[in-house]
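The data block below is target18.txt; it holds compact mmCIF, C-alpha atoms.
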```
# COMPACT_ATOMS: atom_id res chain seq x y z
CA MET N 155 137.91 26.94 -116.88
CA THR N 156 139.82 26.64 -120.16
CA LYS N 157 137.51 29.17 -121.78
CA ALA N 158 138.05 31.61 -118.89
CA TYR N 159 141.81 31.36 -119.27
CA ASP N 160 141.46 31.88 -123.01
CA VAL N 161 139.59 35.14 -122.38
CA PHE N 162 142.33 36.42 -120.05
CA ASP N 163 145.04 35.31 -122.45
CA ALA N 164 143.39 37.26 -125.27
CA ALA N 165 142.86 40.34 -123.08
CA ALA N 166 146.40 40.32 -121.62
CA ALA N 167 147.77 43.26 -123.61
CA ASP N 168 145.02 45.61 -122.34
CA TYR N 169 144.27 43.99 -118.98
CA ASP N 170 144.11 46.62 -116.24
CA SER N 171 145.82 49.03 -118.66
CA VAL N 172 143.10 51.34 -119.99
CA GLY N 173 143.54 54.16 -117.47
CA VAL N 174 140.75 53.12 -115.08
CA GLU N 175 141.20 52.63 -111.32
CA PHE N 176 140.00 49.13 -110.51
CA PHE N 177 142.37 46.20 -109.86
CA GLY N 178 145.27 48.44 -108.80
CA PRO N 179 143.72 49.81 -105.59
CA MET N 180 142.34 46.36 -104.80
CA GLY N 181 145.79 44.79 -105.12
CA SER N 182 147.51 47.39 -102.97
CA ALA N 183 144.85 47.02 -100.27
CA LEU N 184 145.23 43.22 -100.28
CA VAL N 185 149.00 43.44 -99.80
CA ALA N 186 148.52 45.90 -96.94
CA ALA N 187 145.94 43.62 -95.31
CA ALA N 188 148.30 40.64 -95.66
CA GLY N 189 151.00 42.54 -93.77
CA ILE N 190 153.79 41.42 -96.08
CA ARG N 191 157.17 42.32 -94.62
CA ALA N 192 160.70 42.72 -95.93
CA GLY N 193 162.42 39.38 -96.50
CA GLU N 194 159.25 37.30 -96.78
CA ARG N 195 158.55 34.68 -99.44
CA VAL N 196 155.28 35.33 -101.28
CA LEU N 197 153.28 33.33 -103.82
CA ASP N 198 150.84 35.41 -105.88
CA VAL N 199 148.30 33.11 -107.52
CA GLY N 200 146.70 34.34 -110.75
CA CYS N 201 149.11 37.26 -110.90
CA GLY N 202 147.69 38.70 -114.14
CA ARG N 203 149.43 41.98 -114.99
CA GLY N 204 150.68 42.47 -111.43
CA ALA N 205 148.03 44.34 -109.42
CA VAL N 206 149.07 42.34 -106.33
CA LEU N 207 152.51 41.26 -107.53
CA PHE N 208 154.08 44.73 -107.74
CA PRO N 209 153.02 45.98 -104.29
CA ALA N 210 153.98 42.59 -102.83
CA ALA N 211 157.44 42.90 -104.39
CA ALA N 212 157.82 46.40 -102.94
CA ALA N 213 156.81 45.15 -99.48
CA ALA N 214 159.03 42.04 -99.57
CA GLY N 215 161.98 44.05 -100.88
CA LYS N 216 165.18 42.72 -102.39
CA SER N 217 165.74 40.50 -99.37
CA GLY N 218 162.45 38.71 -100.04
CA SER N 219 161.02 36.82 -103.00
CA VAL N 220 157.73 36.98 -104.87
CA THR N 221 156.65 34.24 -107.26
CA GLY N 222 153.73 35.00 -109.56
CA ILE N 223 151.86 32.22 -111.35
CA ASP N 224 149.10 32.47 -113.94
CA MET N 225 147.46 30.02 -116.35
CA ALA N 226 147.39 32.58 -119.21
CA PRO N 227 150.74 32.45 -121.08
CA ALA N 228 150.32 35.95 -122.53
CA MET N 229 149.77 37.38 -119.04
CA VAL N 230 152.92 35.62 -117.85
CA ALA N 231 155.03 36.86 -120.77
CA LEU N 232 153.97 40.51 -120.35
CA THR N 233 154.29 40.53 -116.57
CA ARG N 234 157.64 38.76 -116.67
CA ALA N 235 158.93 41.45 -119.03
CA ALA N 236 157.55 44.20 -116.79
CA THR N 237 159.33 42.75 -113.74
CA ALA N 238 162.69 42.28 -115.46
CA GLY N 239 164.25 44.93 -113.21
CA LEU N 240 163.05 43.28 -109.99
CA PRO N 241 165.48 40.49 -109.06
CA GLN N 242 163.24 39.29 -106.22
CA VAL N 243 160.36 38.50 -108.62
CA ALA N 244 159.79 35.36 -110.72
CA VAL N 245 156.75 34.95 -112.98
CA GLN N 246 155.77 31.62 -114.52
CA VAL N 247 152.86 29.65 -115.92
CA GLY N 248 151.28 27.71 -113.08
CA ASP N 249 148.04 26.09 -111.96
CA GLY N 250 146.28 28.16 -109.32
CA GLN N 251 144.12 25.19 -108.32
CA SER N 252 147.09 23.19 -107.05
CA PRO N 253 150.42 25.07 -107.28
CA ASP N 254 153.42 22.78 -107.59
CA PHE N 255 155.73 23.88 -104.78
CA PRO N 256 157.10 22.08 -101.71
CA GLU N 257 155.22 22.19 -98.43
CA GLY N 258 155.94 25.24 -96.31
CA SER N 259 157.55 27.18 -99.18
CA PHE N 260 155.93 30.55 -98.47
CA ASP N 261 155.27 33.08 -95.74
CA ALA N 262 152.24 34.43 -97.60
CA VAL N 263 149.96 33.29 -100.44
CA THR N 264 147.91 36.00 -102.15
CA LEU N 265 145.07 35.89 -104.67
CA GLY N 266 143.56 39.08 -106.05
CA GLN N 267 140.06 38.38 -107.45
CA VAL N 268 141.08 34.87 -108.53
CA LEU N 269 139.79 32.24 -106.11
CA PHE N 270 136.21 32.21 -107.45
CA PHE N 271 137.47 31.39 -110.97
CA LEU N 272 139.03 28.10 -109.86
CA PRO N 273 137.21 24.80 -110.46
CA ASP N 274 137.28 23.84 -106.74
CA PRO N 275 137.99 26.83 -104.46
CA GLU N 276 137.69 24.77 -101.26
CA ALA N 277 140.33 22.30 -102.46
CA ALA N 278 142.54 25.22 -103.51
CA LEU N 279 142.38 26.60 -99.97
CA ARG N 280 143.67 23.28 -98.65
CA ALA N 281 146.50 23.38 -101.19
CA TYR N 282 147.54 26.86 -100.06
CA HIS N 283 147.47 25.71 -96.43
CA ARG N 284 150.08 23.09 -97.34
CA LEU N 285 152.28 25.64 -99.13
CA LEU N 286 152.42 28.00 -96.16
CA ARG N 287 154.83 27.69 -93.25
CA PRO N 288 153.18 27.47 -89.82
CA GLY N 289 152.15 31.03 -89.00
CA GLY N 290 152.08 31.97 -92.69
CA ARG N 291 149.18 34.00 -94.07
CA LEU N 292 146.63 33.45 -96.79
CA ALA N 293 145.21 36.68 -98.23
CA PHE N 294 142.60 36.83 -100.98
CA SER N 295 140.01 39.24 -102.30
CA CYS N 296 136.60 38.56 -103.78
CA PHE N 297 133.63 40.66 -104.82
CA ALA N 298 131.11 41.68 -102.18
CA ALA N 299 128.80 44.05 -104.09
CA PHE N 300 128.70 45.29 -107.67
CA ASP N 301 127.32 48.69 -108.56
CA PRO N 302 123.73 48.14 -109.81
CA ARG N 303 124.61 50.31 -112.81
CA TYR N 304 127.40 47.90 -113.75
CA ARG N 305 125.06 44.92 -113.61
CA GLU N 306 122.52 46.77 -115.76
CA ALA N 307 125.24 47.79 -118.21
CA MET N 308 126.40 44.17 -118.58
CA ARG N 309 122.80 43.04 -119.12
CA THR N 310 122.48 45.71 -121.82
CA ILE N 311 125.66 44.50 -123.52
CA ALA N 312 124.44 40.89 -123.37
CA ALA N 313 121.11 41.92 -124.92
CA HIS N 314 122.98 43.26 -127.96
CA ALA N 315 125.28 40.23 -128.26
CA VAL N 316 124.82 37.13 -130.37
CA ASP N 317 124.68 33.99 -128.22
CA ALA N 318 126.07 35.75 -125.15
CA PRO N 319 127.51 33.27 -122.63
CA PRO N 320 125.39 32.89 -119.50
CA GLN N 321 126.41 34.80 -116.38
CA GLU N 322 127.79 32.16 -114.04
CA ARG N 323 126.91 32.37 -110.35
CA LEU N 324 129.81 32.47 -107.92
CA PRO N 325 130.22 29.37 -105.72
CA ALA N 326 128.15 29.45 -102.53
CA MET N 327 131.21 29.95 -100.31
CA PHE N 328 131.39 33.55 -101.59
CA ASP N 329 127.83 34.40 -100.55
CA SER N 330 128.69 36.12 -97.25
CA ASP N 331 131.30 36.69 -94.56
CA ASP N 332 129.96 33.67 -92.70
CA THR N 333 130.24 31.28 -95.65
CA LEU N 334 133.75 32.52 -96.36
CA ARG N 335 134.80 32.04 -92.73
CA SER N 336 133.39 28.52 -92.78
CA ALA N 337 135.26 27.58 -95.96
CA VAL N 338 138.55 29.01 -94.71
CA ASP N 339 138.12 27.32 -91.32
CA ASP N 340 137.36 23.96 -93.00
CA ALA N 341 140.67 24.27 -94.90
CA GLY N 342 142.56 24.36 -91.61
CA PHE N 343 143.19 28.09 -91.21
CA ALA N 344 142.60 30.15 -88.12
CA VAL N 345 139.42 32.26 -88.09
CA PRO N 346 140.01 34.87 -90.80
CA ARG N 347 139.81 38.64 -90.62
CA ILE N 348 137.47 39.99 -93.27
CA ASP N 349 137.51 43.67 -94.23
CA GLN N 350 135.76 45.54 -97.03
CA LEU N 351 137.02 48.05 -99.58
CA THR N 352 134.99 50.14 -102.01
CA VAL N 353 136.72 51.27 -105.20
CA ARG N 354 135.28 54.04 -107.37
CA SER N 355 136.01 53.74 -111.08
CA GLU N 356 135.59 56.71 -113.43
CA PHE N 357 135.54 56.62 -117.22
CA ARG N 358 136.07 59.32 -119.81
CA ASP N 359 133.02 58.32 -121.81
CA LEU N 360 131.02 55.27 -122.91
CA GLU N 361 133.72 54.15 -125.33
CA ASN N 362 136.25 54.17 -122.48
CA PHE N 363 133.83 52.11 -120.40
CA LEU N 364 133.52 49.55 -123.21
CA SER N 365 137.31 49.47 -123.61
CA TRP N 366 137.52 48.64 -119.91
CA VAL N 367 134.90 45.88 -120.23
CA ASP N 368 136.88 44.51 -123.16
CA SER N 369 140.06 44.43 -121.06
CA HIS N 370 138.85 41.80 -118.58
CA ALA N 371 136.38 38.92 -118.33
CA GLY N 372 133.58 41.07 -119.81
CA ARG N 373 135.35 40.65 -123.15
CA ALA N 374 133.63 37.27 -123.52
CA VAL N 375 130.28 39.08 -123.84
CA LEU N 376 131.32 42.31 -125.56
CA ARG N 377 133.15 40.54 -128.38
CA ARG N 378 129.86 38.89 -129.33
CA VAL N 379 128.25 42.24 -130.13
CA PRO N 380 128.34 42.63 -133.93
CA GLY N 381 130.02 45.80 -135.20
CA GLU N 382 126.83 47.07 -136.79
CA ARG N 383 125.10 46.96 -133.38
CA ARG N 384 127.72 49.13 -131.67
CA PRO N 385 125.87 52.46 -132.19
CA GLU N 386 122.67 50.89 -130.89
CA LEU N 387 124.54 49.55 -127.85
CA LEU N 388 126.03 52.96 -127.07
CA ALA N 389 122.59 54.54 -127.28
CA ALA N 390 121.15 51.90 -124.95
CA LEU N 391 123.97 52.38 -122.41
CA ALA N 392 123.56 56.16 -122.23
CA PRO N 393 120.58 56.13 -119.81
CA VAL N 394 122.12 53.31 -117.75
CA LEU N 395 125.37 55.03 -116.79
CA PRO N 396 125.96 58.62 -115.63
CA ASP N 397 127.75 61.10 -117.87
CA PRO N 398 130.67 60.70 -117.55
CA PRO N 399 130.32 57.04 -116.55
CA ALA N 400 131.31 56.01 -113.03
CA MET N 401 130.64 53.13 -110.67
CA SER N 402 131.60 51.77 -107.26
CA THR N 403 132.61 48.18 -106.49
CA THR N 404 132.90 46.70 -102.99
CA ILE N 405 135.22 43.77 -102.34
CA ARG N 406 136.11 41.58 -99.36
CA LEU N 407 139.70 41.27 -98.15
CA VAL N 408 140.15 37.95 -96.37
CA VAL N 409 143.28 37.19 -94.32
CA ALA N 410 143.89 34.00 -92.33
CA GLU N 411 146.88 32.24 -90.78
CA ARG N 412 148.03 28.65 -90.92
CA PRO N 413 148.13 27.82 -87.20
CA VAL N 414 151.45 27.08 -85.52
CA GLY N 415 151.60 23.58 -84.09
```

Rendering of file as structure tokens:
Amino acid sequence: MTKAYDVFDAAAADYDSVGVEFFGPMGSALVAAAGIRAGERVLDVGCGRGAVLFPAAAAAGKSGSVTGIDMAPAMVALTRAATAGLPQVAVQVGDGQSPDFPEGSFDAVTLGQVLFFLPDPEAALRAYHRLLRPGGRLAFSCFAAFDPRYREAMRTIAAHAVDAPPQERLPAMFDSDDTLRSAVDDAGFAVPRIDQLTVRSEFRDLENFLSWVDSHAGRAVLRRVPGERRPELLAALAPVLPDPPAMSTTIRLVVAERPVG
């Protein structure tokens, strides 16, 4: 996990900031699914540059509070600066696997595309259950289906890289709606509601696509492509992606309550 956090720390300045619709719509949809209301106390785990944090702060309002935690110090510094005008928001370095807050501290815990990065997602779910008040909601998103063109593009990038890191498989709990429901149920939550959202991302050109890859976890592969191979990579990507490049990504939005009593 340390290496993953290092990648996000290095990408913080550009993360979700290259003019491409991706994490923003996902974050707004997650907050809407969570039903965050004015005055509520929210913990946003793995807050990154604020895709969930900002809409959560708007929903909770000045009478509420939103705490964002992230393991990447650069992410925290940039997001803290961006939220300086929001008195209801606090951003700090924190461990998403086991956040250090008292039991029952929050009305809602949110995670936007974060849970599958944690060393033990099932144990993390149990930790969030403890942090929620009875009747509080857990809301997280995870990938359901990648555009085949994206997968082929990432394979093409890896083929031009030197010692590209292997593509890690997501934990089995993310395989389907049923496996997700089972994991959430085992953590003590009520049977979750699972919805899907498809986000279309459009790019100006292949260079813009590569800038986007470089702004998130794909950076770990792209940065291993030697500079002299860049023209060859662009030529290899041209038949893989449409002109201009575009792709669709489907995610799951999972919402569950900590039972009362």

**Report entry** Proximity to Phe177 (chain N) - best of N:Pro413, N:His314, N:Thr352, N:Ala244, all atoms listed in the file
**Finding:**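 Answer, going by the shortest atom-to-atom distance: N:Thr352.
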
Query raised in the report: Leaving out Phe328 (chain N) and any residue of its chain fewer than 5 positions from it, which residues lie within 9 Å of it when counting only C-alpha atoms, given as a VMD selection string?
Result: chain N and resid 270 296 to 298 333 to 334

Requested in this report: State, in Å with one decimal place, the distance from CA of His283 (chain N) to CA of Leu269 (chain N).
Outcome: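 Computing the Euclidean distance for CA of His283 (chain N) and CA of Leu269 (chain N) yields 14.0 Å.
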
**Report entry** Among listed residues N:Val316, N:Leu387, N:Ala344, N:Val367, nearest Val414 (chain N) (using only C-alpha atoms)
**Finding:** N:Ala344

Requested in this report: Would you please work out which residue, of N:Arg287, N:Arg358, N:Arg195, N:Arg378, is nearest to Ala313 (chain N) when using only C-alpha atoms?
Outcome: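 Answer, going by the shortest atom-to-atom distance: N:Arg378.
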
Requested in this report: For the point (127.0, 39.7, -122.9) in the file's frame, write as a ChimeraX atom specification all residues with an atom no more than 10 Å away, counting all atoms listed in the file.
Outcome: /N:307-321,372-379

Query raised in the report: Between CA of Val196 (chain N) and CA of Asp332 (chain N), what is the distance, to one decimal in Å?
Result: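 Taking CA of Val196 (chain N) and CA of Asp332 (chain N), their separation equals 26.8 Å.
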
Requested in this report: Extract, using only C-alpha atoms, all DNA, RNA and protein residues at most 10 Å from region 232-236 of chain N, discarding same-chain residues fewer than 2 positions from it, and format them as a PyMOL selection string.
Outcome: chain N and resi 166-167+201-204+207-208+222+224+227-230+238-240+243-246

Requested in this report: Would you work out the distance separating CA of Ala281 (chain N) from CA of Ala210 (chain N), expressed in Å to one decimal?
Outcome: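 For CA of Ala281 (chain N) relative to CA of Ala210 (chain N), the distance reads 20.7 Å.
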
Report summary line: Restricting to all atoms listed in the file, whichever of N:Thr264, N:Met225, N:Ala410, N:Gly289 is closest to Ser336 (chain N) is N:Ala410

Query raised in the report: Please, which residues are within 10 Å of (122.5, 49.0, -117.2) by the file's coordinates, counting all atoms listed in the file, and could they come as a VMD selection string?
Result: chain N and resid 301 to 311 390 to 395

Requested in this report: Extract, using all atoms listed in the file, all DNA, RNA and protein residues at most 8 Å from Gly290 (chain N), discarding same-chain residues fewer than 2 positions from it, and format them as a list in words.
Outcome: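 In the requested form, the answer reads Phe260, Asp261, Ala262, Leu286, Arg287, Pro288, Leu292, Glu411, Arg412 and Pro413 of chain N.
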
Report task. List the neighbours of region 211-217 of chain N out to 9 Å using all atoms listed in the file; skip same-chain residues closer than 5 positions along the sequence, and give me the result as a list in words. Result -> Val185, Ala186, Gly189, Ile190, Arg191, Ala192, Gly193, Glu194, Arg195, Val196, Val206, Leu240, Pro241, Gln242 and Val243 of chain N

**Report entry** Given all atoms listed in the file as the counted atoms, nearest of N:Ala400, N:Ser295, N:Trp366, N:Val409 to Phe271 (chain N)
**Finding:**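 The shortest atom-to-atom distance to Phe271 (chain N) comes from N:Ser295.
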